[in-house]
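Just model_20.csv here, CSV, C-alpha atoms:
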chain,number,residue,atom,x,y,z
R,456,MET,CA,86.4,135.1,97.0
R,457,TYR,CA,89.0,137.9,97.3
R,458,HIS,CA,92.5,136.6,97.9
R,459,ILE,CA,94.5,139.4,99.5
R,460,ILE,CA,98.3,138.8,99.3
R,461,VAL,CA,99.9,140.9,102.1
R,462,ASN,CA,103.5,142.1,102.2
R,463,SER,CA,104.4,141.0,105.7
R,464,THR,CA,107.3,143.5,105.9
R,465,ARG,CA,104.7,146.3,105.7
R,466,VAL,CA,101.7,144.8,107.5
R,467,LYS,CA,102.4,143.0,110.8
R,468,GLY,CA,99.9,140.2,110.9
R,469,GLU,CA,96.2,139.7,111.3
R,470,ASP,CA,96.0,142.3,114.1
R,471,ASP,CA,97.5,145.2,112.0
R,472,ALA,CA,95.3,148.3,111.9
R,473,ASN,CA,95.2,148.3,108.1
R,474,ILE,CA,94.0,144.7,108.0
R,475,ALA,CA,91.2,145.7,110.3
R,476,VAL,CA,90.1,148.5,108.0
R,477,VAL,CA,90.1,146.2,104.9
R,478,ARG,CA,88.2,143.5,106.8
R,479,SER,CA,85.6,146.0,108.0
R,480,VAL,CA,84.9,147.2,104.4
R,481,LEU,CA,84.7,143.7,103.0
R,482,ASP,CA,82.5,142.5,105.8
R,483,ARG,CA,80.0,145.3,105.3
R,484,ALA,CA,80.0,144.6,101.6
R,485,GLY,CA,79.2,140.9,102.3
R,486,LYS,CA,82.3,139.7,100.5
R,487,GLN,CA,84.2,136.5,101.1
R,488,TYR,CA,88.0,137.0,101.4
R,489,GLU,CA,91.2,135.4,102.7
R,490,PHE,CA,94.5,137.0,103.7
R,491,HIS,CA,97.7,135.4,102.6
R,492,PHE,CA,100.9,136.7,104.3
R,493,THR,CA,104.2,136.6,102.5
R,494,GLN,CA,107.1,134.8,104.3
R,495,HIS,CA,110.1,135.7,102.1
R,496,PRO,CA,111.1,137.6,99.0
R,497,GLY,CA,109.3,136.2,96.0
R,498,HIS,CA,106.6,134.6,98.0
R,499,ALA,CA,103.9,136.9,96.6
R,500,SER,CA,104.6,135.5,93.2
R,501,GLU,CA,104.5,131.9,94.5
R,502,LEU,CA,101.1,132.6,96.2
R,503,ALA,CA,99.7,134.2,93.0
R,504,ALA,CA,100.8,131.2,91.0
R,505,GLN,CA,99.2,128.7,93.4
R,506,LEU,CA,95.9,130.7,93.5
R,507,THR,CA,95.7,131.0,89.7
R,508,ALA,CA,96.6,127.4,88.9
R,509,GLY,CA,93.0,126.4,88.1
R,510,GLU,CA,90.7,127.3,85.3
R,511,GLU,CA,88.4,129.6,87.1
R,512,SER,CA,88.7,133.4,87.3
R,513,VAL,CA,90.5,134.6,90.5
R,514,ARG,CA,90.4,138.0,92.3
R,515,LEU,CA,93.9,138.8,93.6
R,516,ILE,CA,94.6,141.9,95.7
R,517,ALA,CA,98.2,143.0,96.4
R,518,MET,CA,98.4,144.6,99.8
R,519,GLY,CA,101.8,146.3,99.7
R,520,GLY,CA,103.7,148.6,97.4
R,521,ASP,CA,104.8,148.6,93.7
R,522,GLY,CA,107.1,145.6,94.4
R,523,THR,CA,104.3,143.5,95.9
R,524,LEU,CA,102.0,144.3,93.0
R,525,HIS,CA,104.8,143.5,90.6
R,526,GLU,CA,105.4,140.1,92.2
R,527,VAL,CA,101.7,139.2,92.2
R,528,LEU,CA,101.3,140.2,88.5
R,529,ASN,CA,104.3,138.0,87.6
R,530,GLY,CA,103.0,135.0,89.5
R,531,VAL,CA,99.6,135.0,87.7
R,532,ARG,CA,99.3,132.0,85.4
R,533,ASP,CA,96.9,133.5,82.9
R,534,THR,CA,96.1,137.3,83.2
R,535,ALA,CA,92.9,136.8,81.2
R,536,ARG,CA,91.5,134.9,84.1
R,537,CYS,CA,92.5,137.3,86.8
R,538,LYS,CA,91.0,140.4,88.4
R,539,LEU,CA,93.7,142.4,90.1
R,540,GLY,CA,93.7,145.2,92.6
R,541,VAL,CA,96.0,147.0,95.0
R,542,ILE,CA,95.8,148.3,98.5
R,543,PRO,CA,98.8,150.6,98.7
R,544,VAL,CA,100.8,150.3,101.9
R,545,GLY,CA,104.3,150.0,100.5
R,546,SER,CA,107.3,152.3,100.7
R,547,GLY,CA,106.7,153.0,97.0
R,548,ASN,CA,103.2,153.2,95.5
R,549,ASP,CA,103.7,154.9,92.2
R,550,PHE,CA,101.2,153.0,90.2
R,551,ALA,CA,98.5,153.3,92.7
R,552,ALA,CA,99.1,157.0,93.2
R,553,ALA,CA,99.0,157.7,89.4
R,554,MET,CA,95.8,155.8,89.2
R,555,GLY,CA,94.1,157.9,91.9
R,556,ILE,CA,94.4,155.4,94.8
R,557,PRO,CA,96.0,157.3,97.6
R,558,GLU,CA,98.3,155.5,100.0
R,559,ASP,CA,96.9,157.3,103.0
R,560,ASN,CA,93.4,156.1,102.5
R,561,ILE,CA,93.2,152.3,103.0
R,562,LYS,CA,89.4,152.4,103.4
R,563,TYR,CA,89.0,154.0,100.0
R,564,ALA,CA,91.2,151.5,98.3
R,565,ALA,CA,89.3,148.6,99.9
R,566,GLN,CA,86.0,150.2,98.8
R,567,LEU,CA,87.1,150.3,95.2
R,568,ILE,CA,87.7,146.6,95.4
R,569,ALA,CA,84.5,145.8,97.2
R,570,PHE,CA,82.1,148.0,95.3
R,571,ARG,CA,83.6,148.7,91.8
R,572,SER,CA,83.8,146.5,88.8
R,573,PRO,CA,87.4,146.0,87.4
R,574,THR,CA,88.3,147.7,84.1
R,575,TYR,CA,90.6,146.4,81.4
R,576,ILE,CA,94.1,147.9,81.3
R,577,ASP,CA,97.4,147.1,79.6
R,578,TYR,CA,100.8,145.8,80.9
R,579,ILE,CA,104.3,145.5,79.5
R,580,GLN,CA,105.6,142.1,78.5
R,581,LEU,CA,109.3,141.5,78.1
R,582,SER,CA,111.0,138.8,76.0
R,583,THR,CA,112.6,137.5,79.2
R,584,GLY,CA,109.1,136.5,80.5
R,585,LEU,CA,108.9,139.4,82.9
R,586,ARG,CA,105.7,141.5,83.1
R,587,SER,CA,105.5,145.1,84.2
R,588,LEU,CA,102.5,147.1,85.1
R,589,ASN,CA,104.1,150.5,85.7
R,590,ALA,CA,107.6,151.0,84.2
R,591,VAL,CA,110.8,149.2,83.0
R,592,GLY,CA,114.1,150.9,82.8
R,593,CYS,CA,117.9,150.6,82.6
R,594,GLY,CA,120.7,153.0,83.2
R,595,MET,CA,120.9,155.6,85.9
R,596,ASP,CA,117.5,154.6,87.5
R,597,VAL,CA,119.0,151.1,88.2
R,598,ASP,CA,122.1,152.7,89.7
R,599,VAL,CA,120.0,154.8,92.0
R,600,LEU,CA,118.0,151.8,93.1
R,601,LYS,CA,121.2,149.8,93.8
R,602,ARG,CA,122.6,152.6,96.0
R,603,THR,CA,119.2,153.1,97.7
R,604,TYR,CA,118.9,149.4,98.6
R,605,ALA,CA,122.5,149.4,99.9
R,606,SER,CA,121.7,152.3,102.2
R,607,ASN,CA,120.8,152.0,105.9
R,608,ARG,CA,118.5,155.0,105.7
R,609,LYS,CA,114.8,154.8,106.3
R,610,GLY,CA,111.9,156.4,104.6
R,611,LYS,CA,111.8,158.1,101.2
R,612,SER,CA,114.8,160.2,101.9
R,613,LYS,CA,117.0,157.2,101.1
R,614,TYR,CA,115.9,157.5,97.4
R,615,LEU,CA,117.1,161.1,97.4
R,616,PHE,CA,120.4,160.2,98.8
R,617,GLY,CA,120.7,157.3,96.3
R,618,PHE,CA,120.0,159.8,93.5
R,619,LEU,CA,122.6,162.2,94.7
R,620,LYS,CA,125.3,159.5,94.9
R,621,SER,CA,124.4,158.3,91.5
R,622,PHE,CA,124.4,161.8,90.1
R,623,LEU,CA,128.0,162.4,91.2
R,624,SER,CA,129.4,159.1,89.9
R,625,TYR,CA,127.2,157.5,87.1
R,626,ARG,CA,128.5,157.7,83.6
R,627,ALA,CA,126.4,157.2,80.4
R,628,ARG,CA,126.3,153.7,78.8
R,629,ARG,CA,126.2,152.8,75.1
R,630,PHE,CA,123.1,150.9,73.8
R,631,ALA,CA,120.9,150.7,70.7
R,632,VAL,CA,117.2,150.8,70.4
R,633,GLU,CA,114.5,149.8,67.8
R,634,ILE,CA,111.0,151.2,68.2
R,635,ASP,CA,108.1,149.5,66.5
R,636,GLY,CA,110.4,147.7,64.0
R,637,GLY,CA,112.0,150.9,62.8
R,638,GLU,CA,115.7,151.8,62.3
R,639,ARG,CA,118.1,150.7,65.0
R,640,LYS,CA,119.6,153.8,66.6
R,641,ASN,CA,122.6,154.1,68.9
R,642,TYR,CA,122.7,156.1,72.1
R,643,ASN,CA,125.2,157.0,74.8
R,644,GLY,CA,122.5,157.3,77.3
R,645,LEU,CA,121.9,158.0,81.0
R,646,ILE,CA,118.6,156.2,81.1
R,647,ALA,CA,116.2,154.3,78.8
R,648,CYS,CA,112.7,153.7,80.3
R,649,LEU,CA,109.4,152.3,79.2
R,650,GLY,CA,106.2,153.4,81.0
R,651,ASN,CA,102.7,152.1,81.2
R,652,GLY,CA,102.0,154.2,84.3
R,653,LYS,CA,102.8,157.9,84.8
R,654,GLN,CA,105.5,158.0,87.5
R,655,ILE,CA,108.5,156.2,89.1
R,656,GLY,CA,110.7,156.8,92.2
R,657,GLY,CA,108.1,158.0,94.6
R,658,GLY,CA,106.4,160.6,92.4
R,659,ILE,CA,108.8,161.4,89.6
R,660,ARG,CA,106.4,162.0,86.6
R,661,LEU,CA,108.6,160.5,83.9
R,662,PHE,CA,105.6,159.7,81.7
R,663,PRO,CA,103.1,162.5,82.4
R,664,LYS,CA,100.9,161.6,79.3
R,665,ALA,CA,100.9,157.9,79.8
R,666,LYS,CA,97.6,156.0,80.1
R,667,PRO,CA,97.4,152.4,81.2
R,668,ASP,CA,94.5,151.6,78.8
R,669,ASP,CA,95.5,153.2,75.5
R,670,GLY,CA,97.4,150.3,73.9
R,671,TYR,CA,100.8,152.1,74.0
R,672,MET,CA,103.9,152.3,76.0
R,673,ASP,CA,105.7,155.6,76.5
R,674,PHE,CA,109.4,155.4,75.8
R,675,ILE,CA,111.9,157.9,77.0
R,676,ILE,CA,115.7,158.0,76.4
R,677,VAL,CA,118.0,160.5,78.1
R,678,ASP,CA,121.2,160.8,76.0
R,679,TYR,CA,124.5,162.0,77.3
R,680,LEU,CA,124.3,165.3,79.2
R,681,SER,CA,126.9,167.3,81.0
R,682,ARG,CA,126.7,167.2,84.8
R,683,PHE,CA,125.0,170.6,84.9
R,684,LYS,CA,122.5,169.6,82.3
R,685,THR,CA,121.9,166.3,84.1
R,686,PHE,CA,121.0,168.3,87.2
R,687,VAL,CA,118.7,170.6,85.2
R,688,ALA,CA,117.1,167.6,83.4
R,689,PHE,CA,116.3,165.8,86.6
R,690,ALA,CA,114.9,169.0,88.1
R,691,LYS,CA,112.6,169.3,85.1
R,692,LEU,CA,111.8,165.6,85.4
R,693,PHE,CA,110.2,166.1,88.8
R,694,PHE,CA,107.7,168.4,87.1
R,695,GLY,CA,107.0,166.1,84.2
R,696,LYS,CA,108.9,168.3,81.7
R,697,LEU,CA,111.9,166.2,80.8
R,698,ASP,CA,110.9,166.1,77.1
R,699,SER,CA,111.6,169.8,76.8
R,700,ILE,CA,115.4,169.0,76.8
R,701,LYS,CA,116.8,168.4,73.3
R,702,GLU,CA,118.9,165.4,74.4
R,703,VAL,CA,115.7,163.6,75.4
R,704,THR,CA,114.0,161.3,72.9
R,705,SER,CA,110.5,160.3,73.6
R,706,ALA,CA,108.0,158.1,71.7
R,707,ARG,CA,104.8,156.2,72.1
R,708,CYS,CA,105.1,152.7,70.8
R,709,ARG,CA,103.7,149.2,70.9
R,710,GLN,CA,107.0,147.4,70.7
R,711,ALA,CA,110.6,148.3,71.5
R,712,VAL,CA,114.0,146.4,71.6
R,713,ILE,CA,117.0,147.4,73.6
R,714,TYR,CA,120.4,146.2,72.6
R,715,PRO,CA,123.0,146.6,75.4
R,716,CYS,CA,126.6,147.0,74.4
R,717,SER,CA,127.9,144.7,77.2
R,718,ASP,CA,127.8,141.1,78.2
R,719,SER,CA,125.6,141.8,81.3
R,720,PHE,CA,123.2,144.4,82.3
R,721,THR,CA,120.5,145.1,84.8
R,722,ILE,CA,116.9,146.4,84.4
R,723,GLN,CA,114.4,147.5,86.9
R,724,ALA,CA,110.7,146.9,86.9
R,725,GLU,CA,108.6,148.6,89.6
R,726,GLY,CA,111.8,149.0,91.6
R,727,GLU,CA,112.7,145.3,91.4
R,728,LEU,CA,116.2,144.6,89.9
R,729,TYR,CA,116.9,141.8,87.4
R,730,ASP,CA,120.4,140.9,86.2
R,731,TYR,CA,120.9,139.4,82.7
R,732,SER,CA,124.1,138.0,81.2
R,733,ASN,CA,124.9,136.9,77.7
R,734,CYS,CA,121.7,138.6,76.5
R,735,ASP,CA,121.9,140.3,73.1
R,736,SER,CA,118.7,142.2,73.5
R,737,VAL,CA,115.5,142.6,75.5
R,738,ALA,CA,112.3,143.1,73.6
R,739,ALA,CA,109.2,144.7,75.1
R,740,GLU,CA,105.6,144.9,73.9
R,741,ILE,CA,102.4,146.2,75.2
R,742,VAL,CA,99.7,143.7,76.0
R,743,ALA,CA,96.6,145.7,75.5
R,744,GLY,CA,93.3,145.3,77.3
R,745,LYS,CA,94.0,141.8,78.7
R,746,LEU,CA,94.1,142.5,82.5
R,747,ARG,CA,91.2,143.6,84.6
R,748,PHE,CA,92.1,146.0,87.4
R,749,TYR,CA,90.1,147.7,90.2
R,750,LEU,CA,90.4,151.4,89.6
R,751,PRO,CA,88.5,154.6,90.4
R,752,HIS,CA,86.0,155.6,87.7
R,753,SER,CA,87.5,158.1,85.3
R,754,ASP,CA,84.4,160.4,85.2
Mind turning this structure into structure tokens?
Amino acid sequence: MYHIIVNSTRVKGEDDANIAVVRSVLDRAGKQYEFHFTQHPGHASELAAQLTAGEESVRLIAMGGDGTLHEVLNGVRDTARCKLGVIPVGSGNDFAAAMGIPEDNIKYAAQLIAFRSPTYIDYIQLSTGLRSLNAVGCGMDVDVLKRTYASNRKGKSKYLFGFLKSFLSYRARRFAVEIDGGERKNYNGLIACLGNGKQIGGGIRLFPKAKPDDGYMDFIIVDYLSRFKTFVAFAKLFFGKLDSIKEVTSARCRQAVIYPCSDSFTIQAEGELYDYSNCDSVAAEIVAGKLRFYLPHSD
């Protein structure tokens, strides 16, 4: 049985054309399936928790964007007993795109699920209990998202305007970082981000060398830059060349700890915002090879 958790803000009920495509593929493959439509924010996590409450292995498919996939992953009771997939129909589909699942080909995404076996991949686990499949960050990326979500604009242009507003007003923040139990280092940084996938923000290749199945996270820190250098840095970022700037620190690691120099701070994971207060640090580690995911073959 395939349980397909559908983001109802993106797919309008059982008669939606995308639903018809998925149903057609699964029917031809002779698969049993059930659609579950979300009713409110966070409902995808609730549905995933209910569906994985037993002892048997469960096939869960997120039909939405990065946020829906993130919610489903965080609702799973035991990732070792879950086979996960995505049909990308969201406003942001960075993980799917980086994995070779195009958002404009729903039939192909459904065929991957119907006819391919899932493969083992990694995910990021935070000390707060949060899981992330694609990327976790704090700093300017959070500011961009807050401005984007406050905007009335539609489509992906709202992310560009969110970035431009943040670029003009955001100031670097102080924080410290430990990587793989090494020396704690201080930064006055614009952004600190951990990646399991290759890209964020609708195609920004922040981690061009990242692989979701290599047992490592890619960590990047952008230290303080002048406004001009910030503009140049983000121009290079779009082409996956941010690490060519000397103020950028990058590393591949299995564990990392971020120490914010404030009583409260916000992180983003797959574009979802989480506020923490009275939190001395947030630790992250890679959980290697414990999650099965429906992906295209790499050959």
Wanna dump the region 473-509 of chain R-region 566-571 of chain R contacts at 8 Å for me, each residue with its shortest atom pair and the distance in Å to one decimal, counting all atoms listed in the file, ordered by chain and number, as CSV?
residue,atom,partner,partner_atom,distance
R:Val480,CA,R:Gln566,CA,6.4
R:Leu481,CA,R:Ala569,CA,6.2
R:Ala484,CA,R:Ala569,CA,6.4
R:Lys486,CA,R:Ala569,CA,7.3
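Taking CA of Ile459 (chain R) and CA of Asp577 (chain R) as the two end points, the separation is 21.5 Å.
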Report, in Å with one decimal, the straight-line distance from CA of Val513 (chain R) to CA of Val531 (chain R).
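Atom-to-atom, CA of Val513 (chain R) and CA of Val531 (chain R) are spaced 9.5 Å apart.
Considering the residues R:Lys538, R:Arg707, R:Arg532, R:Lys691 and counting all atoms listed in the file, Thr574 (chain R) has its shortest atom-to-atom contact with R:Lys538.
The residue set within 9 Å of Val466 (chain R), counting all atoms listed in the file and dropping same-chain residues fewer than 5 places from it, reads Val461, Asp471, Ala472, Asn473, Ile474, Phe492, Met518, Gly519 and Val544 of chain R.
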In terms of the shortest atom-to-atom distance over all atoms listed in the file, which of R:Ile675, R:Cys716, R:Ile700, R:Leu588 is closest to Val687 (chain R)?
R:Ile700
Can you tell me how far CA of Ser606 (chain R) sits from CA of Leu619 (chain R), in Å to one decimal?
12.5 Å
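Counting all atoms listed in the file, the residue from R:Pro557, R:Gly530, R:Ala711, R:Ser512 that sits nearest to Glu638 (chain R) is R:Ala711.
For the residues R:Lys562, R:Arg536, R:His525, R:Lys601, ranking by smallest atom-to-atom distance to Leu728 (chain R) using all atoms listed in the file places R:Lys601 first.
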Between R:Ala647, R:Phe622, R:Ala590, R:Ile516, which one has atoms that come closest to Phe683 (chain R), using only C-alpha atoms?
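For Phe683 (chain R), the nearest of the candidates is R:Phe622.
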